[in-house]
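A.B. asks: Dropping in final.txt, which is compact mmCIF, C-alpha atoms:
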# COMPACT_ATOMS: atom_id res chain seq x y z
CA MET A 1 11.11 58.19 -58.65
CA TRP A 2 7.43 58.03 -57.74
CA TRP A 3 6.30 60.42 -60.46
CA VAL A 4 7.67 58.14 -63.17
CA ASN A 5 5.38 55.36 -61.96
CA LEU A 6 2.48 57.81 -61.80
CA LEU A 7 3.16 58.86 -65.38
CA ILE A 8 3.42 55.26 -66.57
CA GLY A 9 -0.01 54.66 -65.02
CA LEU A 10 -1.51 57.69 -66.74
CA LEU A 11 -0.20 56.68 -70.14
CA ALA A 12 -1.38 53.09 -69.73
CA GLY A 13 -4.80 54.37 -68.65
CA VAL A 14 -5.24 56.46 -71.79
CA VAL A 15 -4.16 53.55 -73.98
CA SER A 16 -6.43 50.99 -72.30
CA GLY A 17 -9.40 53.22 -73.16
CA MET A 18 -8.58 52.50 -76.79
CA GLY A 19 -8.82 48.75 -76.43
CA ILE A 20 -5.09 48.18 -76.61
CA GLY A 21 -4.37 46.37 -73.38
CA GLY A 22 -2.90 48.92 -70.98
CA GLY A 23 -0.76 46.16 -69.52
CA THR A 24 1.17 45.74 -72.72
CA ILE A 25 2.54 49.24 -72.09
CA LEU A 26 2.50 49.16 -68.30
CA ILE A 27 4.38 45.92 -67.64
CA PRO A 28 7.44 46.56 -69.88
CA ALA A 29 7.59 50.18 -68.67
CA LEU A 30 7.52 49.15 -65.00
CA LEU A 31 10.22 46.54 -65.58
CA PHE A 32 12.34 49.12 -67.39
CA PHE A 33 12.20 51.71 -64.59
CA SER A 34 12.19 49.59 -61.44
CA GLN A 35 13.78 46.44 -60.07
CA ILE A 36 10.79 44.15 -59.71
CA SER A 37 10.11 40.59 -60.84
CA GLN A 38 8.04 39.76 -63.92
CA GLN A 39 5.29 38.36 -61.70
CA THR A 40 5.20 41.47 -59.51
CA ALA A 41 4.94 43.71 -62.60
CA GLN A 42 2.06 41.55 -63.82
CA GLY A 43 0.49 41.72 -60.36
CA VAL A 44 0.66 45.52 -60.46
CA ASN A 45 -1.16 45.44 -63.78
CA LEU A 46 -3.87 43.18 -62.37
CA LEU A 47 -4.39 45.47 -59.36
CA TYR A 48 -4.24 48.57 -61.52
CA PHE A 49 -6.86 47.18 -63.85
CA ILE A 50 -9.59 47.15 -61.18
CA PRO A 51 -10.09 50.90 -60.53
CA THR A 52 -9.44 51.88 -64.16
CA ALA A 53 -11.87 49.23 -65.40
CA ILE A 54 -14.56 50.31 -62.95
CA ILE A 55 -14.28 53.96 -64.06
CA ALA A 56 -14.40 52.95 -67.73
CA LEU A 57 -17.32 50.56 -67.08
CA ILE A 58 -19.41 53.30 -65.46
CA VAL A 59 -19.04 55.41 -68.61
CA HIS A 60 -19.70 52.43 -70.89
CA ILE A 61 -22.76 51.17 -68.96
CA LYS A 62 -24.25 54.70 -69.04
CA ASN A 63 -23.75 54.72 -72.81
CA ARG A 64 -25.33 51.23 -73.04
CA ASN A 65 -22.24 49.71 -74.61
CA VAL A 66 -21.94 46.65 -72.36
CA ALA A 67 -23.53 43.48 -73.74
CA PHE A 68 -24.25 41.70 -70.45
CA ARG A 69 -25.84 38.67 -72.11
CA ILE A 70 -22.58 37.95 -73.91
CA ALA A 71 -20.35 38.90 -70.98
CA TRP A 72 -21.72 36.50 -68.34
CA PRO A 73 -21.29 33.17 -70.18
CA ILE A 74 -17.80 34.10 -71.47
CA MET A 75 -16.78 35.20 -67.99
CA LEU A 76 -18.11 32.13 -66.19
CA LEU A 77 -16.62 29.65 -68.67
CA GLY A 78 -13.38 31.58 -69.04
CA VAL A 79 -12.64 31.57 -65.32
CA LEU A 80 -11.27 28.03 -65.81
CA GLY A 81 -8.63 29.46 -68.12
CA ALA A 82 -7.88 32.27 -65.69
CA VAL A 83 -7.20 29.75 -62.91
CA GLY A 84 -4.89 27.69 -65.14
CA GLY A 85 -2.96 30.69 -66.46
CA SER A 86 -2.51 32.20 -62.99
CA LEU A 87 -1.29 28.93 -61.50
CA LEU A 88 1.26 28.57 -64.29
CA ALA A 89 2.42 32.20 -63.83
CA ILE A 90 3.16 31.79 -60.12
CA VAL A 91 5.10 28.54 -60.47
CA LEU A 92 7.22 29.54 -63.49
CA ASP A 93 10.70 31.03 -63.12
CA GLY A 94 10.55 34.83 -63.49
CA GLY A 95 13.16 34.87 -66.27
CA ILE A 96 11.27 32.30 -68.33
CA LEU A 97 7.96 34.08 -67.80
CA LYS A 98 9.58 37.33 -68.94
CA LYS A 99 10.70 35.72 -72.21
CA LEU A 100 7.27 34.18 -72.76
CA PHE A 101 5.71 37.58 -72.11
CA GLY A 102 8.14 39.10 -74.60
CA GLY A 103 7.03 36.61 -77.25
CA PHE A 104 3.37 37.38 -76.59
CA LEU A 105 4.08 41.12 -76.67
CA LEU A 106 5.88 40.77 -80.00
CA LEU A 107 2.86 39.08 -81.57
CA MET A 108 0.49 41.70 -80.18
CA GLY A 109 2.73 44.55 -81.30
CA ILE A 110 2.86 43.22 -84.85
CA TYR A 111 -0.93 42.77 -84.78
CA GLU A 112 -1.52 46.34 -83.57
CA PHE A 113 0.88 47.72 -86.13
CA PHE A 114 -0.71 46.02 -89.12
CA LYS A 115 -4.33 46.09 -87.97
CA LYS A 116 -6.61 48.04 -90.26
CA ASP A 117 -8.38 50.95 -88.68
CA LYS A 118 -12.06 50.07 -89.09
CA LYS A 119 -13.31 53.48 -88.04
CA ASN A 120 -11.80 55.02 -91.14
CA ASN A 121 -13.35 52.50 -93.51
CA GLN A 122 -16.89 52.35 -92.16
CA PRO A 123 -19.45 55.12 -92.06
CA LYS A 124 -20.14 56.26 -88.54
CA LYS A 125 -23.51 55.14 -87.23
CA GLU A 126 -23.40 57.36 -84.19
CA ALA A 127 -21.10 60.32 -83.88
CA THR A 128 -21.52 60.74 -80.14
CA PRO A 129 -22.69 58.17 -77.61
CA ASN A 130 -25.35 60.37 -76.04
CA MET B 1 -32.10 24.59 -81.69
CA LYS B 2 -30.33 22.40 -79.18
CA ARG B 3 -27.37 21.83 -81.44
CA GLU B 4 -27.11 25.55 -82.04
CA THR B 5 -27.01 26.14 -78.30
CA VAL B 6 -24.23 23.58 -77.80
CA LYS B 7 -22.23 25.18 -80.60
CA LYS B 8 -22.71 28.62 -79.09
CA VAL B 9 -21.69 27.53 -75.60
CA GLY B 10 -18.62 25.79 -77.03
CA LEU B 11 -17.64 28.97 -78.87
CA TYR B 12 -18.11 31.12 -75.77
CA ALA B 13 -16.07 28.64 -73.74
CA LEU B 14 -13.21 28.60 -76.26
CA GLY B 15 -12.91 32.39 -76.40
CA GLY B 16 -13.30 32.74 -72.65
CA VAL B 17 -10.82 30.04 -71.68
CA VAL B 18 -8.10 31.28 -74.08
CA ALA B 19 -8.54 34.91 -72.98
CA GLY B 20 -8.68 33.90 -69.30
CA PHE B 21 -5.59 31.72 -69.58
CA LEU B 22 -3.48 34.40 -71.29
CA ASN B 23 -4.74 37.08 -68.90
CA GLY B 24 -3.76 34.92 -65.94
CA LEU B 25 -0.40 33.87 -67.35
CA PHE B 26 0.70 37.35 -68.43
CA GLY B 27 -1.37 39.51 -66.07
CA SER B 28 -2.64 41.28 -69.19
CA GLY B 29 -3.65 40.74 -72.79
CA GLY B 30 -7.01 39.07 -72.26
CA GLY B 31 -8.74 41.98 -73.94
CA THR B 32 -6.48 41.70 -76.96
CA VAL B 33 -7.93 38.23 -77.52
CA ILE B 34 -11.54 38.66 -76.44
CA VAL B 35 -12.23 41.90 -78.37
CA PRO B 36 -11.41 40.50 -81.85
CA PHE B 37 -13.11 37.25 -80.81
CA MET B 38 -16.38 39.04 -80.07
CA GLU B 39 -16.11 41.12 -83.23
CA GLU B 40 -15.25 38.29 -85.61
CA CYS B 41 -16.95 35.23 -84.10
CA LEU B 42 -19.94 36.72 -82.30
CA LYS B 43 -20.46 39.71 -84.65
CA VAL B 44 -20.61 42.22 -81.81
CA GLU B 45 -19.90 45.77 -82.98
CA GLU B 46 -16.50 47.25 -82.18
CA ARG B 47 -17.54 49.74 -79.52
CA LYS B 48 -19.65 47.17 -77.66
CA SER B 49 -16.88 44.56 -77.86
CA HIS B 50 -14.45 46.93 -76.17
CA ALA B 51 -16.87 47.84 -73.39
CA THR B 52 -18.01 44.25 -72.80
CA ALA B 53 -14.40 43.01 -72.71
CA ILE B 54 -13.69 45.27 -69.74
CA LEU B 55 -16.39 43.54 -67.71
CA ILE B 56 -15.17 40.06 -68.73
CA ILE B 57 -11.51 40.82 -67.94
CA LEU B 58 -12.53 42.34 -64.61
CA GLY B 59 -13.92 38.93 -63.65
CA PHE B 60 -10.75 37.12 -64.76
CA THR B 61 -8.59 39.66 -62.92
CA MET B 62 -10.34 39.06 -59.59
CA VAL B 63 -9.59 35.33 -59.88
CA SER B 64 -5.96 35.89 -60.93
CA LEU B 65 -5.34 38.31 -58.06
CA PHE B 66 -6.17 35.58 -55.58
CA PHE B 67 -3.41 33.35 -56.98
CA TYR B 68 -0.82 36.14 -57.36
CA GLY B 69 -1.52 37.21 -53.78
CA SER B 70 -1.02 33.68 -52.47
CA LYS B 71 2.64 33.90 -53.51
CA GLN B 72 3.27 37.52 -52.46
CA PHE B 73 3.42 38.84 -56.00
CA LEU B 74 1.28 41.88 -55.18
CA ASP B 75 3.08 45.21 -54.59
CA TRP B 76 0.16 47.26 -53.26
CA LYS B 77 2.10 50.50 -52.81
CA LEU B 78 3.39 50.55 -56.38
CA ALA B 79 -0.03 49.52 -57.67
CA LEU B 80 -1.71 52.38 -55.81
CA LEU B 81 0.66 54.92 -57.34
CA VAL B 82 0.24 53.55 -60.85
CA SER B 83 -3.53 53.34 -60.40
CA CYS B 84 -3.79 57.02 -59.44
CA GLY B 85 -2.32 57.88 -62.84
CA GLY B 86 -4.39 55.16 -64.47
CA VAL B 87 -7.75 56.42 -63.21
CA VAL B 88 -7.12 59.86 -64.71
CA GLY B 89 -5.76 58.35 -67.92
CA GLY B 90 -8.62 55.85 -68.18
CA PHE B 91 -11.16 58.64 -67.90
CA ILE B 92 -9.44 60.61 -70.64
CA GLY B 93 -9.24 57.47 -72.77
CA ALA B 94 -12.91 56.52 -72.38
CA LYS B 95 -14.19 60.07 -72.91
CA VAL B 96 -11.93 61.39 -75.63
CA LEU B 97 -10.14 58.61 -77.45
CA SER B 98 -13.26 56.56 -78.21
CA ARG B 99 -14.21 59.35 -80.60
CA LEU B 100 -10.81 59.70 -82.18
CA SER B 101 -9.44 57.57 -84.93
CA GLY B 102 -6.63 55.62 -83.37
CA GLY B 103 -4.81 54.62 -86.55
CA ALA B 104 -1.60 56.57 -86.03
CA ILE B 105 -1.55 56.06 -82.26
CA ARG B 106 -2.00 52.33 -82.75
CA LYS B 107 1.01 52.17 -85.05
CA ILE B 108 3.16 54.08 -82.57
CA PHE B 109 2.20 51.76 -79.74
CA GLY B 110 2.54 48.70 -81.93
CA ALA B 111 6.10 49.76 -82.71
CA PHE B 112 6.76 50.46 -79.03
CA MET B 113 5.50 46.98 -78.12
CA VAL B 114 7.71 45.30 -80.72
CA VAL B 115 10.82 47.12 -79.43
CA ALA B 116 9.95 46.33 -75.80
CA ALA B 117 9.28 42.70 -76.70
CA ILE B 118 12.61 42.20 -78.46
CA ARG B 119 14.37 43.73 -75.46
CA MET B 120 12.55 41.38 -73.07
CA VAL B 121 13.32 38.27 -75.07
CA MET B 122 16.99 39.17 -75.60
CA TRP B 123 17.86 40.19 -72.02
Using the file provided, produce a representation of the structure as structure tokens.

C.D. replies:
Amino acid sequence: MWWVNLLIGLLAGVVSGMGIGGGTILIPALLFFSQISQQTAQGVNLLYFIPTAIIALIVHIKNRNVAFRIAWPIMLLGVLGAVGGSLLAIVLDGGILKKLFGGFLLLMGIYEFFKKDKKNNQPKKEATPN
Amino acid sequence: MKRETVKKVGLYALGGVVAGFLNGLFGSGGGTVIVPFMEECLKVEERKSHATAILIILGFTMVSLFFYGSKQFLDWKLALLVSCGGVVGGFIGAKVLSRLSGGAIRKIFGAFMVVAAIRMVMW
């Protein structure tokens, strides 16, 4: 069912605009509806992130919301972690990785659920970006 | 001055490496770490943290894709389909949802994540 996958993508796209990782919705949903490995589902999320991130970045750069001076050092230093994590992901057994992912998802879900909504507590400095 | 710089670089490295590692290991979730990190540790405002995180994770993603691809874990056809939906959804999210209060939506998705997580760990 191709339209199910299309719909999953749409939903994840809306959510990722909110700062909740789209992958936390996308990966479990893909695994639920199709017979793919944990790594392949994660790979789909990585690929999917590129076009959606570029679209979002264009909007954010226009609105001057991207702090480049902070982004570059974190990115360059963090790449070491990205290499380590990716290497571990591709050598682990899919079933074990799925359980680890589940544990991570559980923590993030609890965090999202109990996180205070800052926008309601603070006065708005700017109502609209432009 | 010099000591301050060392401290700052160390802090950047810690946040970056943890977010990069998790993003590589789980193919997602880097933003969930780096956004609160920037807000709490670097005192970057919420909106800017979200936007800046996208750029950072984009860098990590490029690196991770290389490794996933080396073991044939990339389903391009499925990714293309999902991305078509994602581009439309991402545009809606960036344009509309950044102005909405996400309190209720967050709780719904948080609950969804907990249910999905329990299912993944159990089966």

A.B. asks: For CA of Ser83 in chain B and CA of Ala29 in chain A, quote the distance in Å rounded to one decimal.

C.D. replies: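 Separation between CA of Ser83 in chain B and CA of Ala29 in chain A: 14.2 Å.
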
A.B. asks: Could you check which of B:Gly90, B:Gly69, B:Gly16, B:Gly27 is closest to Ala53 in chain B, using only C-alpha atoms?

C.D. replies: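 Smallest distance to Ala53 in chain B is found for B:Gly16.
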
A.B. asks: Which is closest to Val14 in chain A among A:Thr52, A:Asn45, A:Gln39, A:Ser34, if we use all atoms listed in the file?

C.D. replies: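 Nearest to Val14 in chain A: A:Thr52.
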
A.B. asks: Edge lengths and centre in Å to one decimal, as AutoDock Vina command-line options, of the axis-aligned box that encloses all listed atoms of range 85-90 of chain A with 8 Å added on every side?

C.D. replies:
--center_x 0.1 --center_y 30.4 --center_z -63.3 --size_x 22.1 --size_y 19.6 --size_z 22.3

A.B. asks: Which one of A:Val15, A:Ile25, A:Ala67, A:Leu77 sits closest to Val88 in chain B if you count all atoms listed in the file?

C.D. replies: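 Nearest candidate to Val88 in chain B out of A:Val15, A:Ile25, A:Ala67, A:Leu77: A:Val15.
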
A.B. asks: Point out the residue among B:Val96, B:Ala104, B:Gly86, B:Gly30 with the least atom-to-atom distance to chain A, counting only C-alpha atoms.

C.D. replies: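 Comparing B:Val96, B:Ala104, B:Gly86, B:Gly30 against chain A, the winner is B:Gly86.
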
A.B. asks: Given the choices B:Val44, B:Val82, B:Ile54, B:Asp75, which gets closest to Thr32 in chain B if the distance is worked out from all atoms listed in the file?

C.D. replies: B:Ile54

A.B. asks: Of the residues B:Glu40, B:Thr61, B:Ser70, B:Arg3, which is the one nearest to chain A, using only C-alpha atoms?

C.D. replies: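 For chain A, the nearest of the candidates is B:Thr61.
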
A.B. asks: Give me the residues within 7 Å of Gln38 in chain A as a list in words, counting all atoms listed in the file and dropping any in the same chain fewer than 5 places off.

C.D. replies: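 The neighbour list is Gly94, Leu97 and Lys98 of chain A.
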
A.B. asks: Could you state the separation of CA of Ser37 in chain A and CA of Ile55 in chain A in Å, given to one decimal place?

C.D. replies: 28.0 Å

A.B. asks: In Å, rounded to a single decimal, give me how far CA of Leu76 in chain A is from CA of Gly20 in chain B.

C.D. replies: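 Atom-to-atom, CA of Gly20 in chain B to CA of Leu76 in chain A, that is 10.1 Å.
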
A.B. asks: Excluding Ile108 in chain B and its own-chain neighbours fewer than 3 positions away, which residues fall within 12 Å of it when counting all atoms listed in the file? Please give them as a list of chain:residue names.

C.D. replies: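 In the requested format, the answer is A:Val15, A:Ile20, A:Ile25, A:Gly109, A:Ile110, A:Glu112, A:Phe113, A:Phe114, B:Gly102, B:Gly103, B:Ala104, B:Ile105, B:Ala111, B:Phe112, B:Met113, B:Val114, B:Val115.
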
A.B. asks: Residues near Gly81 in chain A, anyone? I mean within 6 Å using all atoms listed in the file, not counting same-chain ones fewer than 2 positions away, as an MDAnalysis selection string.

C.D. replies: (chainID A and resid 78:79 83:84) or (chainID B and resid 17 20:21)

A.B. asks: Select, counting only C-alpha atoms, all protein, DNA and RNA residues no farther than 12 Å from (11.9, 42.5, -77.9) in file coordinates, and express the selection as a ChimeraX atom specification.

C.D. replies: /A:28,98-110 /B:110-123

A.B. asks: Output C-alpha atoms for every residue in the selection just made, as a PDB file, keeping the file's coordinate frame.

C.D. replies:
ATOM      1  CA  PRO A  28       7.440  46.560 -69.880  1.00  0.00           C
ATOM      2  CA  LYS A  98       9.580  37.330 -68.940  1.00  0.00           C
ATOM      3  CA  LYS A  99      10.700  35.720 -72.210  1.00  0.00           C
ATOM      4  CA  LEU A 100       7.270  34.180 -72.760  1.00  0.00           C
ATOM      5  CA  PHE A 101       5.710  37.580 -72.110  1.00  0.00           C
ATOM      6  CA  GLY A 102       8.140  39.100 -74.600  1.00  0.00           C
ATOM      7  CA  GLY A 103       7.030  36.610 -77.250  1.00  0.00           C
ATOM      8  CA  PHE A 104       3.370  37.380 -76.590  1.00  0.00           C
ATOM      9  CA  LEU A 105       4.080  41.120 -76.670  1.00  0.00           C
ATOM     10  CA  LEU A 106       5.880  40.770 -80.000  1.00  0.00           C
ATOM     11  CA  LEU A 107       2.860  39.080 -81.570  1.00  0.00           C
ATOM     12  CA  MET A 108       0.490  41.700 -80.180  1.00  0.00           C
ATOM     13  CA  GLY A 109       2.730  44.550 -81.300  1.00  0.00           C
ATOM     14  CA  ILE A 110       2.860  43.220 -84.850  1.00  0.00           C
TER      15      ILE A 110
ATOM     16  CA  GLY B 110       2.540  48.700 -81.930  1.00  0.00           C
ATOM     17  CA  ALA B 111       6.100  49.760 -82.710  1.00  0.00           C
ATOM     18  CA  PHE B 112       6.760  50.460 -79.030  1.00  0.00           C
ATOM     19  CA  MET B 113       5.500  46.980 -78.120  1.00  0.00           C
ATOM     20  CA  VAL B 114       7.710  45.300 -80.720  1.00  0.00           C
ATOM     21  CA  VAL B 115      10.820  47.120 -79.430  1.00  0.00           C
ATOM     22  CA  ALA B 116       9.950  46.330 -75.800  1.00  0.00           C
ATOM     23  CA  ALA B 117       9.280  42.700 -76.700  1.00  0.00           C
ATOM     24  CA  ILE B 118      12.610  42.200 -78.460  1.00  0.00           C
ATOM     25  CA  ARG B 119      14.370  43.730 -75.460  1.00  0.00           C
ATOM     26  CA  MET B 120      12.550  41.380 -73.070  1.00  0.00           C
ATOM     27  CA  VAL B 121      13.320  38.270 -75.070  1.00  0.00           C
ATOM     28  CA  MET B 122      16.990  39.170 -75.600  1.00  0.00           C
ATOM     29  CA  TRP B 123      17.860  40.190 -72.020  1.00  0.00           C
TER      30      TRP B 123
END

A.B. asks: Can you spit out range 8-76 of chain B with C-alpha atoms, as a JSON list (two decimals), in the first residue's frame, from the structure just given?

C.D. replies:
[["chain", "number", "residue", "atom", "x", "y", "z"],
["B", 8, "LYS", "CA", 33.37, 26.02, 25.40],
["B", 9, "VAL", "CA", 34.94, 23.67, 22.86],
["B", 10, "GLY", "CA", 34.62, 20.79, 25.32],
["B", 11, "LEU", "CA", 30.94, 21.57, 25.83],
["B", 12, "TYR", "CA", 30.29, 21.79, 22.09],
["B", 13, "ALA", "CA", 32.13, 18.50, 21.57],
["B", 14, "LEU", "CA", 30.13, 16.72, 24.29],
["B", 15, "GLY", "CA", 26.76, 17.81, 22.91],
["B", 16, "GLY", "CA", 27.79, 17.14, 19.33],
["B", 17, "VAL", "CA", 29.30, 13.70, 19.93],
["B", 18, "VAL", "CA", 26.32, 12.45, 22.00],
["B", 19, "ALA", "CA", 23.79, 13.76, 19.46],
["B", 20, "GLY", "CA", 25.85, 12.41, 16.53],
["B", 21, "PHE", "CA", 26.25, 9.00, 18.13],
["B", 22, "LEU", "CA", 22.54, 8.58, 18.90],
["B", 23, "ASN", "CA", 21.56, 9.90, 15.47],
["B", 24, "GLY", "CA", 23.88, 7.38, 13.82],
["B", 25, "LEU", "CA", 22.87, 4.46, 16.03],
["B", 26, "PHE", "CA", 19.12, 5.01, 15.75],
["B", 27, "GLY", "CA", 18.92, 6.88, 12.43],
["B", 28, "SER", "CA", 17.01, 9.57, 14.33],
["B", 29, "GLY", "CA", 16.79, 11.37, 17.63],
["B", 30, "GLY", "CA", 19.83, 13.62, 17.34],
["B", 31, "GLY", "CA", 17.60, 16.67, 17.41],
["B", 32, "THR", "CA", 15.92, 15.48, 20.58],
["B", 33, "VAL", "CA", 19.31, 15.74, 22.28],
["B", 34, "ILE", "CA", 20.85, 18.77, 20.60],
["B", 35, "VAL", "CA", 17.81, 21.09, 20.91],
["B", 36, "PRO", "CA", 17.56, 20.94, 24.74],
["B", 37, "PHE", "CA", 21.37, 21.00, 24.88],
["B", 38, "MET", "CA", 21.51, 24.30, 22.99],
["B", 39, "GLU", "CA", 18.65, 25.74, 25.02],
["B", 40, "GLU", "CA", 19.93, 24.72, 28.45],
["B", 41, "CYS", "CA", 23.72, 24.71, 28.08],
["B", 42, "LEU", "CA", 24.32, 27.34, 25.41],
["B", 43, "LYS", "CA", 21.30, 29.54, 26.23],
["B", 44, "VAL", "CA", 20.12, 29.68, 22.63],
["B", 45, "GLU", "CA", 16.45, 30.63, 22.33],
["B", 46, "GLU", "CA", 13.97, 27.89, 21.52],
["B", 47, "ARG", "CA", 13.14, 28.86, 17.95],
["B", 48, "LYS", "CA", 16.81, 29.27, 17.01],
["B", 49, "SER", "CA", 17.75, 25.98, 18.67],
["B", 50, "HIS", "CA", 15.21, 24.12, 16.55],
["B", 51, "ALA", "CA", 16.36, 25.74, 13.31],
["B", 52, "THR", "CA", 20.07, 25.33, 14.07],
["B", 53, "ALA", "CA", 19.57, 21.68, 15.04],
["B", 54, "ILE", "CA", 18.28, 20.92, 11.54],
["B", 55, "LEU", "CA", 21.55, 22.10, 10.01],
["B", 56, "ILE", "CA", 23.63, 20.13, 12.54],
["B", 57, "ILE", "CA", 21.65, 16.91, 12.06],
["B", 58, "LEU", "CA", 21.84, 17.32, 8.29],
["B", 59, "GLY", "CA", 25.63, 17.09, 8.60],
["B", 60, "PHE", "CA", 25.43, 13.98, 10.82],
["B", 61, "THR", "CA", 22.92, 12.39, 8.45],
["B", 62, "MET", "CA", 25.22, 12.72, 5.43],
["B", 63, "VAL", "CA", 27.95, 10.85, 7.33],
["B", 64, "SER", "CA", 25.58, 8.14, 8.59],
["B", 65, "LEU", "CA", 24.15, 7.56, 5.11],
["B", 66, "PHE", "CA", 27.59, 6.59, 3.86],
["B", 67, "PHE", "CA", 27.84, 3.80, 6.45],
["B", 68, "TYR", "CA", 24.24, 2.58, 6.04],
["B", 69, "GLY", "CA", 24.75, 2.48, 2.28],
["B", 70, "SER", "CA", 27.92, 0.42, 2.61],
["B", 71, "LYS", "CA", 25.81, -2.44, 4.00],
["B", 72, "GLN", "CA", 22.81, -2.06, 1.67],
["B", 73, "PHE", "CA", 20.52, -0.67, 4.34],
["B", 74, "LEU", "CA", 19.14, 2.04, 2.05],
["B", 75, "ASP", "CA", 15.73, 1.41, 0.44],
["B", 76, "TRP", "CA", 15.69, 4.31, -2.04]]
